[in-house]
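Structure data follow from final38.pdb (PDB, C-alpha atoms and all ligand atoms):
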MODEL        1
ATOM      1  CA  MET V   1      54.245 -58.778 -37.407
ATOM      2  CA  ARG V   2      53.207 -61.066 -40.272
ATOM      3  CA  LEU V   3      50.137 -59.987 -42.291
ATOM      4  CA  ASN V   4      47.976 -62.938 -41.173
ATOM      5  CA  THR V   5      48.804 -62.304 -37.497
ATOM      6  CA  ALA V   6      48.043 -58.575 -37.882
ATOM      7  CA  ILE V   7      44.662 -59.308 -39.504
ATOM      8  CA  ALA V   8      43.834 -61.792 -36.743
ATOM      9  CA  THR V   9      44.759 -59.202 -34.067
ATOM     10  CA  VAL V  10      42.577 -56.494 -35.659
ATOM     11  CA  ALA V  11      39.695 -58.972 -36.019
ATOM     12  CA  ALA V  12      40.006 -59.973 -32.349
ATOM     13  CA  LEU V  13      39.969 -56.302 -31.317
ATOM     14  CA  LEU V  14      36.872 -55.632 -33.423
ATOM     15  CA  VAL V  15      35.084 -58.631 -31.880
ATOM     16  CA  SER V  16      35.934 -57.537 -28.334
ATOM     17  CA  THR V  17      34.821 -53.936 -29.064
ATOM     18  CA  ALA V  18      31.534 -55.184 -30.475
ATOM     19  CA  ALA V  19      31.065 -57.470 -27.472
ATOM     20  CA  SER V  20      31.788 -54.679 -24.977
ATOM     21  CA  ALA V  21      29.167 -52.450 -26.673
ATOM     22  CA  GLU V  22      26.519 -55.124 -26.087
ATOM     23  CA  LEU V  23      24.552 -55.408 -22.897
ATOM     24  CA  PRO V  24      24.604 -58.723 -21.009
ATOM     25  CA  ALA V  25      21.671 -60.959 -21.888
ATOM     26  CA  LEU V  26      19.106 -62.005 -19.299
ATOM     27  CA  GLU V  27      17.650 -65.448 -19.772
ATOM     28  CA  LYS V  28      13.897 -65.955 -19.324
ATOM     29  CA  LYS V  29      13.145 -67.922 -16.170
ATOM     30  CA  ASP V  30      10.553 -68.211 -13.419
ATOM     31  CA  GLN V  31      12.691 -66.961 -10.571
ATOM     32  CA  TYR V  32      15.558 -64.474 -10.539
ATOM     33  CA  THR V  33      18.113 -63.599  -7.913
ATOM     34  CA  VAL V  34      17.986 -59.813  -7.936
ATOM     35  CA  GLY V  35      20.347 -57.399  -6.170
ATOM     36  CA  PHE V  36      19.039 -54.092  -4.816
ATOM     37  CA  ALA V  37      21.860 -51.901  -3.471
ATOM     38  CA  GLN V  38      20.159 -49.146  -1.447
ATOM     39  CA  THR V  39      22.063 -45.915  -0.654
ATOM     40  CA  GLU V  40      20.850 -45.337   2.920
ATOM     41  CA  SER V  41      17.735 -45.752   5.036
ATOM     42  CA  ASN V  42      17.618 -42.494   6.961
ATOM     43  CA  ASN V  43      14.502 -41.000   5.450
ATOM     44  CA  PRO V  44      10.913 -41.988   4.580
ATOM     45  CA  TRP V  45      11.594 -41.821   0.838
ATOM     46  CA  ARG V  46      14.358 -44.446   0.996
ATOM     47  CA  ILE V  47      12.301 -46.638   3.338
ATOM     48  CA  ALA V  48       9.314 -46.480   0.941
ATOM     49  CA  GLN V  49      11.573 -47.357  -1.996
ATOM     50  CA  THR V  50      13.050 -50.367  -0.173
ATOM     51  CA  LYS V  51       9.572 -51.559   0.860
ATOM     52  CA  SER V  52       8.437 -51.317  -2.757
ATOM     53  CA  PHE V  53      11.309 -53.628  -3.809
ATOM     54  CA  GLN V  54      10.653 -56.019  -0.922
ATOM     55  CA  ASP V  55       6.926 -56.220  -1.732
ATOM     56  CA  THR V  56       7.749 -56.764  -5.405
ATOM     57  CA  ALA V  57      10.195 -59.563  -4.540
ATOM     58  CA  GLU V  58       7.140 -61.602  -3.500
ATOM     59  CA  SER V  59       4.847 -60.667  -6.375
ATOM     60  CA  CYS V  60       7.584 -60.945  -9.049
ATOM     61  CA  ASN V  61       9.126 -64.125  -7.585
ATOM     62  CA  TRP V  62      12.560 -62.637  -6.886
ATOM     63  CA  ASN V  63      15.131 -63.944  -4.489
ATOM     64  CA  LEU V  64      16.114 -60.440  -3.304
ATOM     65  CA  VAL V  65      19.691 -59.686  -2.233
ATOM     66  CA  TYR V  66      19.311 -56.404  -0.357
ATOM     67  CA  THR V  67      22.125 -54.176   0.897
ATOM     68  CA  ASP V  68      22.143 -50.772   2.612
ATOM     69  CA  ALA V  69      25.203 -48.567   2.003
ATOM     70  CA  ALA V  70      24.381 -46.435   5.084
ATOM     71  CA  GLY V  71      25.201 -43.188   3.282
ATOM     72  CA  SER V  72      28.610 -44.295   1.984
ATOM     73  CA  ALA V  73      29.364 -44.421  -1.749
ATOM     74  CA  ALA V  74      32.406 -46.620  -0.957
ATOM     75  CA  LYS V  75      30.171 -49.151   0.829
ATOM     76  CA  GLN V  76      27.695 -49.074  -2.043
ATOM     77  CA  VAL V  77      30.554 -49.916  -4.451
ATOM     78  CA  ALA V  78      31.544 -52.827  -2.177
ATOM     79  CA  ASP V  79      27.895 -53.940  -2.024
ATOM     80  CA  VAL V  80      27.657 -54.063  -5.828
ATOM     81  CA  ASP V  81      30.987 -55.909  -6.031
ATOM     82  CA  SER V  82      29.666 -58.453  -3.536
ATOM     83  CA  MET V  83      26.519 -58.961  -5.675
ATOM     84  CA  ILE V  84      28.767 -59.516  -8.715
ATOM     85  CA  ALA V  85      30.783 -62.096  -6.748
ATOM     86  CA  GLN V  86      27.542 -63.851  -5.717
ATOM     87  CA  GLY V  87      26.507 -64.037  -9.395
ATOM     88  CA  VAL V  88      23.093 -62.416  -9.082
ATOM     89  CA  ASP V  89      20.992 -62.371 -12.275
ATOM     90  CA  ALA V  90      20.482 -58.589 -12.319
ATOM     91  CA  ILE V  91      21.300 -55.527 -10.208
ATOM     92  CA  PHE V  92      19.023 -52.595  -9.418
ATOM     93  CA  LEU V  93      21.109 -49.636  -8.334
ATOM     94  CA  PRO V  94      20.309 -46.104  -7.154
ATOM     95  CA  PRO V  95      23.879 -44.712  -7.385
ATOM     96  CA  ARG V  96      24.389 -42.481  -4.348
ATOM     97  CA  GLU V  97      26.666 -40.169  -6.338
ATOM     98  CA  GLU V  98      27.227 -39.828 -10.097
ATOM     99  CA  GLN V  99      30.974 -40.597 -10.277
ATOM    100  CA  PRO V 100      32.031 -43.151  -7.613
ATOM    101  CA  LEU V 101      29.586 -45.872  -8.697
ATOM    102  CA  LEU V 102      30.640 -45.798 -12.380
ATOM    103  CA  PRO V 103      33.396 -48.465 -12.133
ATOM    104  CA  ALA V 104      31.055 -50.835 -10.282
ATOM    105  CA  VAL V 105      28.433 -50.464 -13.039
ATOM    106  CA  LEU V 106      31.071 -51.295 -15.658
ATOM    107  CA  ARG V 107      32.383 -54.263 -13.623
ATOM    108  CA  ALA V 108      28.869 -55.718 -13.417
ATOM    109  CA  LYS V 109      28.520 -55.423 -17.184
ATOM    110  CA  ALA V 110      31.924 -57.070 -17.693
ATOM    111  CA  ALA V 111      30.773 -59.907 -15.418
ATOM    112  CA  GLY V 112      27.692 -60.418 -17.626
ATOM    113  CA  ILE V 113      25.186 -58.982 -15.128
ATOM    114  CA  PRO V 114      22.657 -56.450 -16.458
ATOM    115  CA  VAL V 115      22.375 -53.293 -14.347
ATOM    116  CA  PHE V 116      19.201 -51.217 -14.100
ATOM    117  CA  LEU V 117      19.716 -47.737 -12.603
ATOM    118  CA  VAL V 118      16.884 -46.781 -10.260
ATOM    119  CA  ASP V 119      15.924 -43.185  -9.371
ATOM    120  CA  ARG V 120      19.490 -41.781  -9.561
ATOM    121  CA  SER V 121      21.903 -41.812 -12.489
ATOM    122  CA  VAL V 122      25.639 -41.925 -13.165
ATOM    123  CA  ASP V 123      27.706 -39.488 -15.231
ATOM    124  CA  ALA V 124      26.090 -39.684 -18.690
ATOM    125  CA  SER V 125      29.287 -38.567 -20.432
ATOM    126  CA  VAL V 126      31.032 -41.769 -19.253
ATOM    127  CA  ALA V 127      28.355 -44.485 -19.068
ATOM    128  CA  LYS V 128      25.279 -44.716 -21.265
ATOM    129  CA  ALA V 129      21.913 -46.457 -21.039
ATOM    130  CA  GLY V 130      21.599 -49.190 -23.640
ATOM    131  CA  GLU V 131      25.388 -49.634 -23.723
ATOM    132  CA  ASP V 132      26.806 -49.802 -20.200
ATOM    133  CA  TYR V 133      23.591 -50.381 -18.281
ATOM    134  CA  VAL V 134      20.130 -51.354 -19.460
ATOM    135  CA  THR V 135      18.105 -48.263 -18.595
ATOM    136  CA  PHE V 136      17.517 -45.441 -16.133
ATOM    137  CA  MET V 137      14.168 -45.736 -14.377
ATOM    138  CA  GLY V 138      13.228 -42.489 -12.669
ATOM    139  CA  SER V 139      11.860 -38.971 -12.514
ATOM    140  CA  ASP V 140      12.903 -35.884 -14.431
ATOM    141  CA  PHE V 141      14.798 -34.099 -11.647
ATOM    142  CA  ILE V 142      15.434 -30.946 -13.714
ATOM    143  CA  ASP V 143      11.694 -30.673 -14.321
ATOM    144  CA  GLN V 144      10.985 -31.144 -10.595
ATOM    145  CA  GLY V 145      13.244 -28.156  -9.762
ATOM    146  CA  ARG V 146      11.660 -26.112 -12.528
ATOM    147  CA  ARG V 147       8.127 -26.894 -11.284
ATOM    148  CA  ALA V 148       9.068 -25.871  -7.733
ATOM    149  CA  ALA V 149      10.383 -22.559  -9.122
ATOM    150  CA  GLU V 150       7.266 -22.040 -11.259
ATOM    151  CA  TRP V 151       5.041 -22.481  -8.198
ATOM    152  CA  LEU V 152       7.173 -19.952  -6.329
ATOM    153  CA  ILE V 153       7.068 -17.432  -9.171
ATOM    154  CA  ALA V 154       3.272 -17.754  -9.399
ATOM    155  CA  ASN V 155       2.870 -17.320  -5.625
ATOM    156  CA  SER V 156       5.307 -14.451  -5.031
ATOM    157  CA  ASP V 157       5.083 -10.682  -5.307
ATOM    158  CA  GLY V 158       8.317 -10.917  -7.296
ATOM    159  CA  THR V 159      10.959  -9.945  -4.737
ATOM    160  CA  GLU V 160      12.570 -12.819  -2.809
ATOM    161  CA  VAL V 161      15.776 -13.580  -0.911
ATOM    162  CA  ILE V 162      16.265 -17.300  -1.468
ATOM    163  CA  VAL V 163      18.259 -19.867   0.479
ATOM    164  CA  GLU V 164      18.748 -23.247  -1.256
ATOM    165  CA  LEU V 165      19.321 -26.485   0.662
ATOM    166  CA  GLU V 166      20.972 -28.884  -1.756
ATOM    167  CA  GLY V 167      20.854 -32.664  -1.663
ATOM    168  CA  THR V 168      23.850 -34.992  -1.491
ATOM    169  CA  THR V 169      26.817 -33.382  -3.238
ATOM    170  CA  GLY V 170      27.613 -35.159  -6.512
ATOM    171  CA  SER V 171      24.239 -36.927  -6.735
ATOM    172  CA  SER V 172      22.083 -36.612  -9.855
ATOM    173  CA  PRO V 173      19.003 -35.274  -8.001
ATOM    174  CA  ALA V 174      21.083 -32.550  -6.298
ATOM    175  CA  ASN V 175      22.724 -31.535  -9.593
ATOM    176  CA  ASP V 176      19.508 -31.590 -11.610
ATOM    177  CA  ARG V 177      17.093 -30.121  -9.055
ATOM    178  CA  LYS V 178      19.513 -27.225  -8.640
ATOM    179  CA  LYS V 179      19.732 -26.670 -12.382
ATOM    180  CA  GLY V 180      15.966 -26.770 -12.908
ATOM    181  CA  PHE V 181      15.219 -24.314 -10.104
ATOM    182  CA  ASP V 182      18.178 -21.951 -10.547
ATOM    183  CA  ASP V 183      17.636 -21.601 -14.313
ATOM    184  CA  ALA V 184      13.937 -20.778 -13.782
ATOM    185  CA  VAL V 185      14.509 -18.093 -11.127
ATOM    186  CA  ALA V 186      17.477 -16.624 -13.037
ATOM    187  CA  GLY V 187      14.933 -14.931 -15.312
ATOM    188  CA  GLN V 188      13.242 -13.204 -12.343
ATOM    189  CA  SER V 189      14.947  -9.867 -11.703
ATOM    190  CA  GLY V 190      13.641  -9.541  -8.126
ATOM    191  CA  MET V 191      14.656 -13.047  -7.008
ATOM    192  CA  THR V 192      18.154 -13.722  -5.682
ATOM    193  CA  ILE V 193      19.636 -16.985  -4.421
ATOM    194  CA  VAL V 194      21.899 -15.686  -1.648
ATOM    195  CA  ALA V 195      23.167 -19.055  -0.375
ATOM    196  CA  SER V 196      23.163 -22.650  -1.619
ATOM    197  CA  GLN V 197      24.550 -25.370   0.615
ATOM    198  CA  SER V 198      24.228 -29.137   0.972
ATOM    199  CA  GLY V 199      22.054 -30.641   3.690
ATOM    200  CA  ASP V 200      22.718 -34.156   2.301
ATOM    201  CA  PHE V 201      18.976 -34.881   1.853
ATOM    202  CA  ALA V 202      18.746 -35.352   5.656
ATOM    203  CA  ARG V 203      16.334 -33.685   8.096
ATOM    204  CA  ASP V 204      18.811 -32.951  10.870
ATOM    205  CA  LYS V 205      21.526 -31.761   8.482
ATOM    206  CA  GLY V 206      18.955 -29.512   6.812
ATOM    207  CA  ARG V 207      18.032 -28.074  10.208
ATOM    208  CA  GLN V 208      21.686 -27.429  11.123
ATOM    209  CA  VAL V 209      22.532 -25.812   7.768
ATOM    210  CA  MET V 210      19.406 -23.626   7.992
ATOM    211  CA  GLU V 211      20.378 -22.522  11.510
ATOM    212  CA  THR V 212      23.788 -21.415  10.226
ATOM    213  CA  LEU V 213      22.454 -19.733   7.090
ATOM    214  CA  LEU V 214      19.877 -17.816   9.149
ATOM    215  CA  GLN V 215      22.770 -16.129  10.983
ATOM    216  CA  SER V 216      24.293 -14.813   7.743
ATOM    217  CA  HIS V 217      20.984 -14.253   5.924
ATOM    218  CA  PRO V 218      18.352 -13.148   8.452
ATOM    219  CA  ASP V 219      16.496 -11.413   5.599
ATOM    220  CA  VAL V 220      15.651 -14.762   3.928
ATOM    221  CA  THR V 221      12.107 -14.908   2.506
ATOM    222  CA  VAL V 222      12.238 -18.262   0.625
ATOM    223  CA  VAL V 223      13.779 -21.663   1.336
ATOM    224  CA  TYR V 224      14.062 -24.090  -1.587
ATOM    225  CA  ALA V 225      14.929 -27.558  -0.253
ATOM    226  CA  HIS V 226      15.884 -30.353  -2.674
ATOM    227  CA  ASN V 227      13.802 -32.765  -0.588
ATOM    228  CA  ASP V 228      11.054 -32.730   2.031
ATOM    229  CA  GLU V 229      13.236 -33.983   4.875
ATOM    230  CA  MET V 230      15.495 -30.921   4.611
ATOM    231  CA  ALA V 231      12.409 -28.688   4.282
ATOM    232  CA  ILE V 232      11.060 -30.099   7.568
ATOM    233  CA  GLY V 233      14.494 -29.513   9.173
ATOM    234  CA  ALA V 234      14.438 -25.930   7.862
ATOM    235  CA  ILE V 235      10.945 -25.386   9.319
ATOM    236  CA  GLN V 236      12.288 -26.525  12.714
ATOM    237  CA  ALA V 237      15.254 -24.111  12.458
ATOM    238  CA  LEU V 238      13.037 -21.202  11.403
ATOM    239  CA  GLU V 239      10.565 -21.798  14.225
ATOM    240  CA  ALA V 240      13.403 -22.082  16.768
ATOM    241  CA  ALA V 241      14.599 -18.674  15.550
ATOM    242  CA  GLY V 242      11.127 -17.160  16.039
ATOM    243  CA  ARG V 243      10.269 -17.051  12.337
ATOM    244  CA  LYS V 244       6.888 -18.108  10.918
ATOM    245  CA  PRO V 245       7.258 -20.663   8.087
ATOM    246  CA  GLY V 246       4.462 -20.163   5.554
ATOM    247  CA  GLU V 247       3.948 -16.554   6.680
ATOM    248  CA  ASP V 248       7.235 -14.652   6.663
ATOM    249  CA  VAL V 249       9.229 -17.394   4.899
ATOM    250  CA  THR V 250       7.880 -19.437   1.964
ATOM    251  CA  LEU V 251       9.160 -23.012   1.683
ATOM    252  CA  VAL V 252       9.200 -25.047  -1.526
ATOM    253  CA  SER V 253      10.322 -28.638  -1.727
ATOM    254  CA  ILE V 254      10.328 -31.999  -3.526
ATOM    255  CA  ASP V 255       9.224 -35.602  -2.701
ATOM    256  CA  GLY V 256       5.634 -35.663  -1.390
ATOM    257  CA  THR V 257       6.170 -37.365   1.973
ATOM    258  CA  ARG V 258       3.444 -37.612   4.597
ATOM    259  CA  ASP V 259       5.194 -35.072   6.874
ATOM    260  CA  ALA V 260       5.471 -32.643   3.962
ATOM    261  CA  LEU V 261       1.799 -33.008   3.057
ATOM    262  CA  GLN V 262       0.900 -32.397   6.702
ATOM    263  CA  ALA V 263       3.143 -29.307   6.712
ATOM    264  CA  ILE V 264       1.258 -28.036   3.643
ATOM    265  CA  ILE V 265      -2.074 -28.641   5.428
ATOM    266  CA  ASP V 266      -0.663 -26.789   8.478
ATOM    267  CA  GLY V 267       0.257 -23.838   6.238
ATOM    268  CA  LYS V 268       4.032 -24.145   6.801
ATOM    269  CA  LEU V 269       5.137 -25.590   3.439
ATOM    270  CA  GLY V 270       3.963 -24.063   0.146
ATOM    271  CA  VAL V 271       4.510 -26.897  -2.311
ATOM    272  CA  SER V 272       6.035 -30.340  -2.618
ATOM    273  CA  VAL V 273       6.658 -31.577  -6.152
ATOM    274  CA  GLU V 274       6.263 -35.324  -6.091
ATOM    275  CA  SER V 275       9.214 -37.681  -6.634
ATOM    276  CA  ALA V 276       7.589 -41.111  -6.486
ATOM    277  CA  PRO V 277       9.684 -43.826  -4.720
ATOM    278  CA  PHE V 278       7.545 -46.845  -5.690
ATOM    279  CA  PHE V 279       9.912 -48.498  -8.144
ATOM    280  CA  GLY V 280       9.312 -52.189  -7.433
ATOM    281  CA  PRO V 281       6.514 -52.840  -9.986
ATOM    282  CA  ILE V 282       8.316 -50.760 -12.648
ATOM    283  CA  ALA V 283      11.492 -52.775 -11.982
ATOM    284  CA  CYS V 284       9.608 -56.082 -12.338
ATOM    285  CA  ASP V 285       7.962 -55.076 -15.642
ATOM    286  CA  THR V 286      11.167 -53.609 -17.085
ATOM    287  CA  MET V 287      13.242 -56.668 -16.199
ATOM    288  CA  LYS V 288      10.647 -59.027 -17.676
ATOM    289  CA  ALA V 289      10.547 -56.972 -20.881
ATOM    290  CA  TYR V 290      14.340 -57.056 -21.108
ATOM    291  CA  ALA V 291      14.459 -60.830 -20.588
ATOM    292  CA  ALA V 292      11.784 -61.260 -23.290
ATOM    293  CA  GLY V 293      13.962 -59.329 -25.749
ATOM    294  CA  ASP V 294      11.560 -56.385 -25.971
ATOM    295  CA  GLU V 295      13.009 -52.966 -26.608
ATOM    296  CA  VAL V 296      13.614 -51.164 -23.319
ATOM    297  CA  PRO V 297      13.846 -47.355 -23.618
ATOM    298  CA  ALA V 298      16.996 -45.613 -22.349
ATOM    299  CA  TRP V 299      14.814 -43.768 -19.818
ATOM    300  CA  VAL V 300      11.757 -45.363 -18.207
ATOM    301  CA  LYS V 301      10.275 -42.075 -17.067
ATOM    302  CA  VAL V 302       8.240 -41.685 -13.887
ATOM    303  CA  GLU V 303       5.524 -39.009 -14.014
ATOM    304  CA  ASP V 304       5.155 -36.952 -10.836
ATOM    305  CA  ARG V 305       2.255 -35.038  -9.339
ATOM    306  CA  ILE V 306       2.402 -31.758  -7.409
ATOM    307  CA  PHE V 307       1.032 -31.227  -3.889
ATOM    308  CA  THR V 308      -0.234 -27.838  -2.672
ATOM    309  CA  LYS V 309      -2.874 -26.607  -0.217
ATOM    310  CA  GLU V 310      -5.447 -27.339  -2.942
ATOM    311  CA  ASN V 311      -4.955 -31.142  -2.803
ATOM    312  CA  ALA V 312      -2.658 -32.108   0.123
ATOM    313  CA  ALA V 313      -5.565 -33.201   2.351
ATOM    314  CA  ASP V 314      -6.784 -35.582  -0.373
ATOM    315  CA  HIS V 315      -3.437 -37.428  -0.464
ATOM    316  CA  VAL V 316      -1.983 -37.281   3.061
ATOM    317  CA  ALA V 317      -3.559 -40.562   4.206
ATOM    318  CA  ASP V 318      -1.960 -42.463   1.294
ATOM    319  CA  ALA V 319       1.436 -40.804   1.649
ATOM    320  CA  TYR V 320       4.519 -42.490   3.111
TER     321      TYR V 320
HETATM  322  O1  LIG V 401      17.039 -39.675  -5.410
HETATM  323  C1  LIG V 401      15.844 -39.230  -4.871
HETATM  324  C2  LIG V 401      16.079 -38.479  -3.586
HETATM  325  O2  LIG V 401      16.834 -39.262  -2.710
HETATM  326  C3  LIG V 401      14.835 -38.143  -2.801
HETATM  327  O3  LIG V 401      14.323 -36.899  -3.111
HETATM  328  C4  LIG V 401      15.387 -38.091  -1.419
HETATM  329  O4  LIG V 401      14.438 -37.927  -0.432
HETATM  330  C5  LIG V 401      16.235 -39.286  -1.422
HETATM  331  O5  LIG V 401      17.168 -39.430  -0.425
ENDMDL
END
What's the structure tokens form of this structure?
Ligand code: AHR
Amino acid sequence: MRLNTAIATVAALLVSTAASAELPALEKKDQYTVGFAQTESNNPWRIAQTKSFQDTAESCNWNLVYTDAAGSAAKQVADVDSMIAQGVDAIFLPPREEQPLLPAVLRAKAAGIPVFLVDRSVDASVAKAGEDYVTFMGSDFIDQGRRAAEWLIANSDGTEVIVELEGTTGSSPANDRKKGFDDAVAGQSGMTIVASQSGDFARDKGRQVMETLLQSHPDVTVVYAHNDEMAIGAIQALEAAGRKPGEDVTLVSIDGTRDALQAIIDGKLGVSVESAPFFGPIACDTMKAYAAGDEVPAWVKVEDRIFTKENAADHVADAY
């Protein structure tokens, strides 16, 4: 290769590397076509999140392209690809699982469409906020698990046989809520997690898994569910087996749904650490800031409350 050609090739490579490290720009305009690729709609949390985006579409003047992956990561990938093909201005994505959605995020970037991750993240060792997607908007899931464990530790005599109902396998909330809780109880010599199994963040799956785990672990004294829907399913399984949730089994959970707050008021659920689903207004503000060229942090953090018997009655009417 002649010297001039070699220099030109290296220069071209440097330019393309620099370009691929840059996020796609978003021009300032009055109306945007915005994609929101929902994971599923089988629980109150997802329904509240979708409603928040739909309400915001009106107030933020979005033409909203909404899809529902119906619990399939493969469909969610196809949904994002379809939004890319339609040439939407921006994509808001709660990736159902950390790995399978990665290529779709990178394809959107390559197509010049900025992606904003909402509530769930992708594998941080492969794709990074500020480089591959604009930002992650969401809660601290590790902290949620830790706060659930701290409530348990403060409300226990110290000896517990714990069953854990995990969320969707491979999802960031399941990974992080497990880490936060498990690390906190690991320091408690009397507390043992005897089983940990996925209930896919779904009420009926949570009920079925709890029924099975009760057979092998009838001595269970604590159920930690990664979301309220599985906690409600576990309450149903425990009651069907003649157990008394809130009396002989303590339940701790995450989300802050209306059913969970009612279960706290009824004395069946001990705590629900909030995971707020109302992302629409945050999405509108963050997108506007990005289009204006303002610095957008890698993590737009959502602060969560905690619901116990001390305050559940004050919040149940406003819950979703
Ligand atoms: O990613 C957030 C989790 O996903 C919520 O806790 C759960 O209810 C939802 O399905």
Exercise. Contacts of V:Val115 at 8 Å or less, counting all atoms listed in the file, minus same-chain residues fewer than 6 places along, as a VMD selection string?
Worked result: chain V and resid 90 to 93 105 108 to 109 133 to 135
Exercise. If you count all atoms listed in the file, which residues fall within 9 Å of V:Pro100, apart from same-chain ones fewer than 6 positions away, as a PyMOL selection string?
Worked result: chain V and resi 73-74+77+122
For this session: Record the distance separating atom CA of V:Ala312 and atom CA of V:Met210, expressed in Å with one decimal.
Result: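 Distance between the two atoms: 24.9 Å.
With distances restricted to all atoms listed in the file, V:Asp304 is the closest residue to ligand LIG 401 (chain V) from V:Asp285, V:Glu247, V:Asp304, V:Asp294.
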Problem set entry | Residue among V:Met83, V:Ala78, V:Val88, V:Leu238 lying closest to V:Gln215, counting all atoms listed in the file | V:Leu238
Can you report as AutoDock Vina command-line options the centre and edge lengths in Å, to one decimal, of an axis-aligned box around the listed atoms of ligand LIG 401 (chain V) padded with 5 Å on each side?
--center_x 15.7 --center_y -38.3 --center_z -2.9 --size_x 12.8 --size_y 12.8 --size_z 15.0
For this session: Around ligand LIG 401 (chain V), at most 7 Å away and counting all atoms listed in the file, which residues are there? Put them as a list of chain:residue names, please.
Result: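 Residues satisfying the distance criterion: V:Asn43, V:Trp45, V:Arg46, V:Asp119, V:Arg120, V:Pro173, V:Phe201, V:His226, V:Asn227, V:Asp228, V:Glu229, V:Ile254, V:Asp255, V:Ser275.
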Problem set entry | Shell of 10 Å around V:Gln86, only C-alpha atoms, local chain residues under 3 positions omitted, as a PyMOL selection string | chain V and resi 33+35+65+80-83+89
For this session: To verify the selection step, state as a PyMOL selection string which residues the PyMOL selection byres (((chain V and resi 152) around 10) and not hetatm) yields on this input.
Result: chain V and resi 146-151+153-158+160+181+185+222+224+250-252+270-271
Problem set entry | Hits of the PyMOL selection byres (((chain V and resi 233-236) around 8) and not hetatm) in this structure, as a PyMOL selection string | chain V and resi 203-208+210-211+223+229-232+237-240+245+268
Problem set entry | Residues returned when the PyMOL selection byres (((chain V and resi 39) around 7) and not hetatm) runs on this file, as a PyMOL selection string | chain V and resi 37-38+40+68-71+76+94+96
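Straight-line separation from atom CA of V:Gly256 to atom CA of V:Ser272: 5.5 Å.
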Problem set entry | 12 Å contact set for V:Thr286, only C-alpha atoms, chain neighbours under 4 positions out, as a list in words |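 What passes the distance filter is Leu26, Cys60, Ala90, Phe92, Pro114, Val115, Phe116, Leu117, Val118, Val134, Thr135, Phe136, Met137, Phe279, Gly280, Pro281, Ile282, Tyr290, Ala291, Ala292, Gly293, Asp294, Glu295, Val296, Pro297, Ala298, Trp299, Val300 and Lys301 of chain V.
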For this session: For V:Gln54, please output as a PyMOL selection string all residues within 8 Å (counting all atoms listed in the file; exclusion window: fewer than 4 positions along the same chain).
Result: chain V and resi 50+58+64+280
For this session: Calculate how many Å separate atom CA of V:Lys309 from atom CA of V:Ala241, rounding to one decimal.
Result: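 Computing it gives 24.8 Å between the two atoms.
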Exercise. For V:Pro103, which residue among V:Ala225, V:Val249, V:Val126, V:Val220 is the nearest when counting only C-alpha atoms?
Worked result: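 With only C-alpha atoms as the atom set, the closest residue is V:Val126.
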Problem set entry | Closest of V:Ser172, V:Thr257, V:Ser121, V:Thr159 to V:Met191 - atom-to-atom distances counting only C-alpha atoms |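 Nearest candidate to V:Met191 out of V:Ser172, V:Thr257, V:Ser121, V:Thr159: V:Thr159.
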For this session: Enumerate, as a ChimeraX atom specification, the protein, DNA and RNA residues whose atoms approach (6.2, -41.3, -0.2) to within 10 Å, taking into account only C-alpha atoms and the coordinate frame of the file.
Result: /V:44-49,255-261,274-278,316,318-320
Exercise. Which residue out of V:Asp143, V:Ser216, V:Gly199, V:Thr221 has the minimum interatomic distance to V:Glu303 when only C-alpha atoms are used?
Worked result: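 The closest residue to V:Glu303 is V:Asp143.
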